[in-house]
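Asker: What follows is entry-v4.cif, made up of mmCIF, C-alpha atoms:
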data_protein
loop_
_atom_site.label_atom_id
_atom_site.label_comp_id
_atom_site.auth_asym_id
_atom_site.auth_seq_id
_atom_site.Cartn_x
_atom_site.Cartn_y
_atom_site.Cartn_z
CA MET A 1 0.00 0.00 0.00
CA ASN A 2 1.50 3.33 -1.06
CA ASP A 3 1.46 6.62 0.86
CA ALA A 4 -1.56 7.97 -1.02
CA GLN A 5 -3.56 4.83 -0.20
CA LEU A 6 -2.51 4.97 3.44
CA LEU A 7 -3.93 8.48 3.57
CA ARG A 8 -7.12 7.75 1.60
CA TYR A 9 -8.02 4.71 3.69
CA SER A 10 -6.63 5.95 7.00
CA ARG A 11 -10.03 5.93 8.73
CA HIS A 12 -10.37 2.23 7.94
CA ILE A 13 -6.83 1.51 9.01
CA LEU A 14 -7.49 3.16 12.38
CA LEU A 15 -10.20 0.60 13.13
CA ASP A 16 -8.79 -2.20 15.30
CA GLU A 17 -10.98 -4.74 13.51
CA MET A 18 -9.55 -3.77 10.14
CA GLY A 19 -6.09 -2.23 10.06
CA ILE A 20 -3.77 -2.39 7.06
CA GLU A 21 -4.30 -6.13 6.61
CA ALA A 22 -8.03 -5.92 5.96
CA GLN A 23 -7.62 -2.87 3.72
CA GLU A 24 -5.05 -4.72 1.65
CA ARG A 25 -7.48 -7.62 1.26
CA LEU A 26 -10.10 -5.17 0.02
CA LEU A 27 -7.68 -3.69 -2.50
CA ALA A 28 -6.99 -7.18 -3.83
CA ALA A 29 -10.67 -8.23 -3.98
CA THR A 30 -13.22 -8.32 -6.79
CA ALA A 31 -16.94 -7.69 -6.35
CA LEU A 32 -19.62 -8.53 -8.90
CA VAL A 33 -22.57 -6.15 -8.58
CA VAL A 34 -25.57 -7.50 -10.49
CA GLY A 35 -27.76 -4.49 -11.19
CA ALA A 36 -26.79 -0.82 -11.31
CA GLY A 37 -30.14 0.52 -10.17
CA GLY A 38 -31.59 1.54 -6.81
CA LEU A 39 -29.65 -1.03 -4.77
CA GLY A 40 -26.58 -1.38 -6.96
CA SER A 41 -25.98 2.38 -7.00
CA PRO A 42 -25.26 2.93 -3.28
CA ALA A 43 -23.69 -0.51 -2.94
CA ALA A 44 -21.18 0.13 -5.72
CA LEU A 45 -20.44 3.68 -4.54
CA TYR A 46 -19.49 2.47 -1.07
CA LEU A 47 -17.45 -0.43 -2.44
CA ALA A 48 -15.51 2.05 -4.57
CA SER A 49 -15.05 4.62 -1.81
CA ALA A 50 -13.88 1.89 0.57
CA GLY A 51 -11.17 0.81 -1.85
CA LEU A 52 -12.44 -2.53 -3.10
CA GLY A 53 -9.98 -3.11 -5.92
CA ARG A 54 -12.14 -4.33 -8.82
CA ILE A 55 -15.87 -3.92 -9.40
CA LEU A 56 -17.69 -5.80 -12.15
CA LEU A 57 -20.85 -3.76 -12.73
CA ALA A 58 -23.49 -5.66 -14.70
CA ASP A 59 -26.71 -4.16 -16.03
CA GLY A 60 -28.33 -4.47 -19.45
CA ASP A 61 -30.58 -1.41 -19.15
CA THR A 62 -30.10 2.25 -20.04
CA VAL A 63 -30.58 5.24 -17.75
CA ASP A 64 -34.16 6.54 -17.75
CA ALA A 65 -35.51 9.73 -16.21
CA THR A 66 -37.65 7.66 -13.83
CA ASN A 67 -34.48 6.10 -12.38
CA LEU A 68 -33.07 9.37 -11.08
CA GLN A 69 -35.36 9.53 -8.02
CA ARG A 70 -33.31 6.75 -6.34
CA GLN A 71 -30.48 5.46 -8.58
CA VAL A 72 -27.72 7.73 -7.31
CA LEU A 73 -25.03 6.43 -9.67
CA HIS A 74 -26.69 8.20 -12.58
CA ARG A 75 -27.21 11.81 -13.65
CA ASP A 76 -29.71 13.64 -15.82
CA SER A 77 -26.97 14.25 -18.38
CA ARG A 78 -26.54 10.49 -18.81
CA VAL A 79 -30.16 9.59 -19.58
CA GLY A 80 -30.08 7.09 -22.45
CA MET A 81 -26.58 5.84 -21.61
CA PRO A 82 -26.08 2.18 -20.62
CA LYS A 83 -26.31 1.98 -16.84
CA ALA A 84 -23.09 -0.03 -16.62
CA GLU A 85 -21.16 2.73 -18.38
CA SER A 86 -22.87 5.53 -16.46
CA GLY A 87 -22.00 3.68 -13.27
CA ARG A 88 -18.40 3.25 -14.34
CA GLN A 89 -18.05 7.01 -14.79
CA ALA A 90 -19.56 7.72 -11.37
CA LEU A 91 -17.38 5.18 -9.57
CA LEU A 92 -14.17 6.46 -11.16
CA GLU A 93 -15.13 10.00 -10.14
CA MET A 94 -15.48 8.67 -6.60
CA ASN A 95 -12.21 6.72 -6.62
CA PRO A 96 -10.03 6.69 -9.77
CA GLU A 97 -7.84 3.91 -8.31
CA VAL A 98 -10.61 1.33 -8.47
CA GLU A 99 -10.85 -0.84 -11.58
CA VAL A 100 -14.42 -0.80 -12.86
CA VAL A 101 -15.46 -3.31 -15.51
CA PRO A 102 -18.84 -2.39 -17.05
CA ILE A 103 -20.93 -5.29 -18.33
CA ALA A 104 -23.75 -3.76 -20.38
CA ALA A 105 -25.78 -6.95 -20.65
CA ARG A 106 -28.05 -9.15 -18.58
CA LEU A 107 -25.75 -11.83 -17.27
CA GLU A 108 -26.91 -15.39 -17.83
CA GLY A 109 -25.55 -18.84 -18.63
CA ASP A 110 -21.80 -19.20 -19.09
CA ALA A 111 -21.25 -15.44 -18.96
CA LEU A 112 -22.85 -15.31 -15.51
CA ARG A 113 -20.85 -18.25 -14.20
CA ASP A 114 -17.60 -16.78 -15.55
CA ALA A 115 -18.31 -13.42 -13.90
CA VAL A 116 -19.13 -15.08 -10.57
CA ARG A 117 -15.92 -17.13 -10.72
CA ARG A 118 -13.92 -13.90 -11.04
CA ALA A 119 -15.49 -12.47 -7.88
CA THR A 120 -14.56 -12.57 -4.22
CA VAL A 121 -18.15 -11.68 -3.36
CA VAL A 122 -21.36 -11.18 -5.36
CA LEU A 123 -24.02 -8.56 -4.64
CA ASP A 124 -27.48 -9.36 -5.97
CA CYS A 125 -29.01 -5.94 -6.62
CA CYS A 126 -31.42 -6.99 -9.36
CA ASP A 127 -35.21 -6.76 -9.46
CA ASN A 128 -36.48 -10.11 -10.73
CA PHE A 129 -36.63 -13.65 -9.39
CA ALA A 130 -35.26 -15.31 -12.54
CA THR A 131 -31.96 -13.44 -12.27
CA ARG A 132 -31.83 -13.88 -8.48
CA HIS A 133 -32.14 -17.65 -8.82
CA ALA A 134 -29.59 -17.79 -11.64
CA VAL A 135 -27.10 -15.77 -9.58
CA ASN A 136 -27.74 -18.01 -6.57
CA ARG A 137 -27.11 -21.18 -8.57
CA ALA A 138 -23.85 -19.77 -9.92
CA CYS A 139 -22.70 -18.75 -6.43
CA VAL A 140 -23.47 -22.20 -4.98
CA GLU A 141 -21.71 -23.88 -7.91
CA THR A 142 -18.57 -21.75 -7.54
CA GLY A 143 -18.57 -21.33 -3.75
CA VAL A 144 -18.68 -17.52 -3.90
CA PRO A 145 -20.53 -15.68 -1.08
CA LEU A 146 -23.74 -13.89 -2.08
CA VAL A 147 -25.18 -10.72 -0.53
CA SER A 148 -28.84 -10.39 -1.52
CA GLY A 149 -30.94 -7.23 -1.20
CA ALA A 150 -34.47 -6.26 -2.18
CA ALA A 151 -36.55 -3.09 -1.91
CA ILE A 152 -40.14 -2.35 -2.90
CA ARG A 153 -42.62 0.25 -1.69
CA PHE A 154 -41.37 0.95 1.88
CA ASP A 155 -40.11 -2.58 2.60
CA GLY A 156 -36.55 -3.87 2.33
CA GLN A 157 -34.81 -7.21 2.77
CA LEU A 158 -31.18 -8.19 3.29
CA ALA A 159 -29.59 -11.65 3.53
CA VAL A 160 -26.19 -13.29 3.13
CA PHE A 161 -25.63 -16.77 1.72
CA ASP A 162 -22.17 -18.36 1.84
CA ALA A 163 -21.72 -21.69 0.07
CA ARG A 164 -18.30 -22.07 1.70
CA ARG A 165 -20.07 -22.82 4.98
CA ALA A 166 -21.73 -26.19 5.45
CA ASP A 167 -24.50 -24.68 7.57
CA SER A 168 -25.38 -21.83 5.21
CA PRO A 169 -28.67 -21.88 3.32
CA CYS A 170 -28.92 -20.52 -0.20
CA TYR A 171 -31.45 -18.16 -1.77
CA HIS A 172 -33.46 -21.13 -3.04
CA CYS A 173 -33.85 -22.42 0.54
CA LEU A 174 -35.59 -19.15 1.39
CA PHE A 175 -37.55 -18.60 -1.83
CA PRO A 176 -37.84 -21.91 -3.74
CA GLU A 177 -37.88 -21.40 -7.48
CA GLY A 178 -41.31 -22.01 -8.95
CA GLN A 179 -43.01 -21.21 -5.65
CA ASP A 180 -46.14 -19.08 -5.97
CA VAL A 181 -44.45 -15.80 -5.00
CA GLU A 182 -45.82 -12.52 -6.30
CA GLU A 183 -43.16 -10.64 -8.26
CA VAL A 184 -43.53 -6.89 -7.88
CA ARG A 185 -41.55 -4.18 -9.64
CA CYS A 186 -40.77 -0.59 -8.79
CA ALA A 187 -42.23 0.43 -12.15
CA THR A 188 -45.70 -0.71 -11.07
CA MET A 189 -45.60 -0.57 -7.25
CA GLY A 190 -43.26 2.32 -6.53
CA VAL A 191 -40.38 2.51 -4.07
CA PHE A 192 -39.34 4.97 -1.35
CA ALA A 193 -36.03 6.46 -2.53
CA PRO A 194 -34.09 6.34 0.79
CA LEU A 195 -35.02 2.67 1.24
CA THR A 196 -32.84 1.65 -1.70
CA GLY A 197 -29.99 3.66 -0.23
CA ILE A 198 -30.33 1.97 3.16
CA ILE A 199 -30.47 -1.60 1.82
CA GLY A 200 -27.80 -1.02 -0.85
CA THR A 201 -25.43 0.49 1.72
CA MET A 202 -26.01 -2.48 4.03
CA GLN A 203 -25.20 -4.81 1.14
CA ALA A 204 -21.92 -2.97 0.70
CA ALA A 205 -21.17 -3.33 4.43
CA GLU A 206 -21.72 -7.09 4.32
CA ALA A 207 -19.68 -7.46 1.13
CA LEU A 208 -16.79 -5.46 2.62
CA LYS A 209 -16.78 -7.63 5.76
CA ILE A 210 -16.63 -10.75 3.60
CA ALA A 211 -13.92 -9.46 1.25
CA GLY A 212 -11.91 -7.84 4.04
CA GLY A 213 -12.15 -10.78 6.43
CA PHE A 214 -13.36 -8.88 9.48
CA GLY A 215 -16.55 -8.70 11.54
CA THR A 216 -19.33 -11.27 11.37
CA PRO A 217 -21.38 -11.39 8.16
CA MET A 218 -25.09 -12.04 8.65
CA THR A 219 -24.97 -15.45 6.98
CA GLY A 220 -28.20 -17.40 7.34
CA ARG A 221 -30.23 -14.44 8.59
CA LEU A 222 -32.93 -12.42 6.85
CA LEU A 223 -33.32 -8.79 7.88
CA LEU A 224 -36.69 -7.14 7.21
CA LEU A 225 -36.96 -3.35 7.26
CA ASP A 226 -40.16 -1.27 7.19
CA THR A 227 -39.23 2.36 6.64
CA ARG A 228 -42.77 3.58 7.38
CA THR A 229 -42.10 2.89 11.06
CA MET A 230 -38.32 2.28 10.79
CA SER A 231 -38.85 -1.11 12.40
CA VAL A 232 -36.42 -3.98 11.89
CA ASN A 233 -37.11 -7.69 12.25
CA GLU A 234 -34.73 -10.58 11.79
CA ILE A 235 -35.44 -14.20 10.87
CA ARG A 236 -33.06 -17.14 11.00
CA ILE A 237 -33.01 -19.02 7.69
CA PRO A 238 -32.49 -22.78 8.07
CA ARG A 239 -30.69 -24.68 5.38
CA ASP A 240 -33.05 -27.00 3.51
CA PRO A 241 -31.33 -30.42 3.27
CA GLY A 242 -33.63 -31.24 0.36
CA CYS A 243 -32.84 -28.06 -1.57
CA VAL A 244 -32.29 -28.86 -5.24
CA VAL A 245 -29.62 -26.16 -5.50
CA CYS A 246 -27.46 -26.56 -2.37
CA GLY A 247 -28.73 -29.79 -0.80
CA HIS A 248 -25.93 -31.84 -2.37
CA ARG A 249 -23.25 -30.03 -0.33
CA SER A 250 -21.79 -32.02 2.57
#
Kindly present the structure from the file in structure tokens form.
Answerer:
Amino acid sequence: MNDAQLLRYSRHILLDEMGIEAQERLLAATALVVGAGGLGSPAALYLASAGLGRILLADGDTVDATNLQRQVLHRDSRVGMPKAESGRQALLEMNPEVEVVPIAARLEGDALRDAVRRATVVLDCCDNFATRHAVNRACVETGVPLVSGAAIRFDGQLAVFDARRADSPCYHCLFPEGQDVEEVRCATMGVFAPLTGIIGTMQAAEALKIAGGFGTPMTGRLLLLDTRTMSVNEIRIPRDPGCVVCGHRS
């Protein structure tokens, strides 16, 4: 770590739980952020500001005026630009030392698995169950920890799944694929802007703990936030031994 980095990250280095060692692990780490929208925006900004060395930012959409109410990576001047590229510009303005790899496509199949394999940690910041389940399967297959967030209306969710741990559930254990779960979108249901900032920032915190090797990630726990009353509930998520995605793990 050079003198400029020691200065930039000095407030991390002062933390007994982190120090130079954890900051160096962050500088050497790679995060895959799936979705550069309401959740991916604050998550990626805090990963970049904290000095996580490489960020793969994946999103197949373009910036729309309706995004600007909550998607803080983007600006009015970049409406119409691919979100991945708009995000890259914002992250490099925040921290030019971070390597940002924009992926202006919806990751799926081999491309998704290859991106997950490159990552130290994956942040699921997308808005649909099909992608969530695909990301989960790739993380279980490759043994890469997954930080999952969701936000709709005034309600947010946060969970961590770590296939490296024998006792960790996966996303499918919590929300089995094919289950009769109503899929709701911000475009039709709305979302409270600060909620996405809160959940996305918490995703960044969990990802940094995993990549930096400090603290205790909330593996196997589901946090539920209602911003109407600012009430928080937590649920333990048991691993399903019959899960078709992770049940084969010993």
Asker: When the PyMOL selection byres ((chain A and resi 215) around 12) is applied to the structure above, which residues does it catch, written out as a PyMOL selection string?
Answerer: chain A and resi 15-18+22+205-214+216-219
Asker: Which residues match the PyMOL selection byres ((chain A and resi 242-247) around 12) in the file above, as number ranges by chain?
Answerer: A: 133-143, 161-178, 238-241, 248-250
Asker: Could you name the residues that touch Val147 (chain A) at 8 Å or less, counting only C-alpha atoms, but leaving out those on the same chain fewer than 5 positions away, as a list in words?
Answerer: Val121, Val122, Leu123, Asp124, Leu158, Ala159, Val160, Phe161, Gln203, Glu206 and Ala207 of chain A
Asker: Between CA of Gln71 (chain A) and CA of Ala84 (chain A), measure the distance and give it in Å to one decimal.
Answerer: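 Between these atoms lies a distance of 12.2 Å.
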Asker: Quote the spacing between CA of Ile235 (chain A) and CA of Leu146 (chain A) in Å to one decimal place.
Answerer: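 Those two atoms sit 17.5 Å apart.
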Asker: Name all residues at most 12 Å from Glu24 (chain A) (count all atoms listed in the file; drop same-chain ones fewer than 3 positions away) and give them as a ChimeraX atom specification.
Answerer: /A:1-2,5-6,9,12-13,18-21,27-29,50-53,208,211-213
Asker: What is the distance, in Å and to one decimal place, between CA of Pro96 (chain A) and CA of Gly149 (chain A)?
Answerer: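 Calculated distance between CA of Pro96 (chain A) and CA of Gly149 (chain A) is 26.5 Å.
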Asker: Could you spell out the hits of the PyMOL selection byres ((chain A and resi 87-94) around 7) on the shown file, as a compact mmCIF listing (two decimals) with C-alpha atoms, in the frame of the given file?
Answerer:
# COMPACT_ATOMS: atom_id res chain seq x y z
CA ALA A 36 -26.79 -0.82 -11.31
CA LEU A 45 -20.44 3.68 -4.54
CA ALA A 48 -15.51 2.05 -4.57
CA SER A 49 -15.05 4.62 -1.81
CA LEU A 73 -25.03 6.43 -9.67
CA HIS A 74 -26.69 8.20 -12.58
CA LYS A 83 -26.31 1.98 -16.84
CA ALA A 84 -23.09 -0.03 -16.62
CA GLU A 85 -21.16 2.73 -18.38
CA SER A 86 -22.87 5.53 -16.46
CA ASN A 95 -12.21 6.72 -6.62
CA PRO A 96 -10.03 6.69 -9.77
CA VAL A 98 -10.61 1.33 -8.47
CA VAL A 100 -14.42 -0.80 -12.86
CA PRO A 102 -18.84 -2.39 -17.05
Asker: Report as a ChimeraX atom specification all protein, DNA and RNA residues lying within 10 Å of Asp61 (chain A), evaluated on all atoms listed in the file, omitting residues in the same chain fewer than 3 positions from it.
Answerer: /A:35-37,58,64,80-84,104-106
Asker: Return the single residue from A:Ile103, A:Leu195, A:Ala204, A:Ala111 that is closest to Ala31 (chain A), with distances computed using all atoms listed in the file.
Answerer: A:Ala204
Asker: Which residues are near Arg118 (chain A)? Cut-off 8 Å, all atoms listed in the file, ignore same chain within fewer than 3 positions. Put them as an MDAnalysis selection string.
Answerer: chainID A and resid 30 114:115
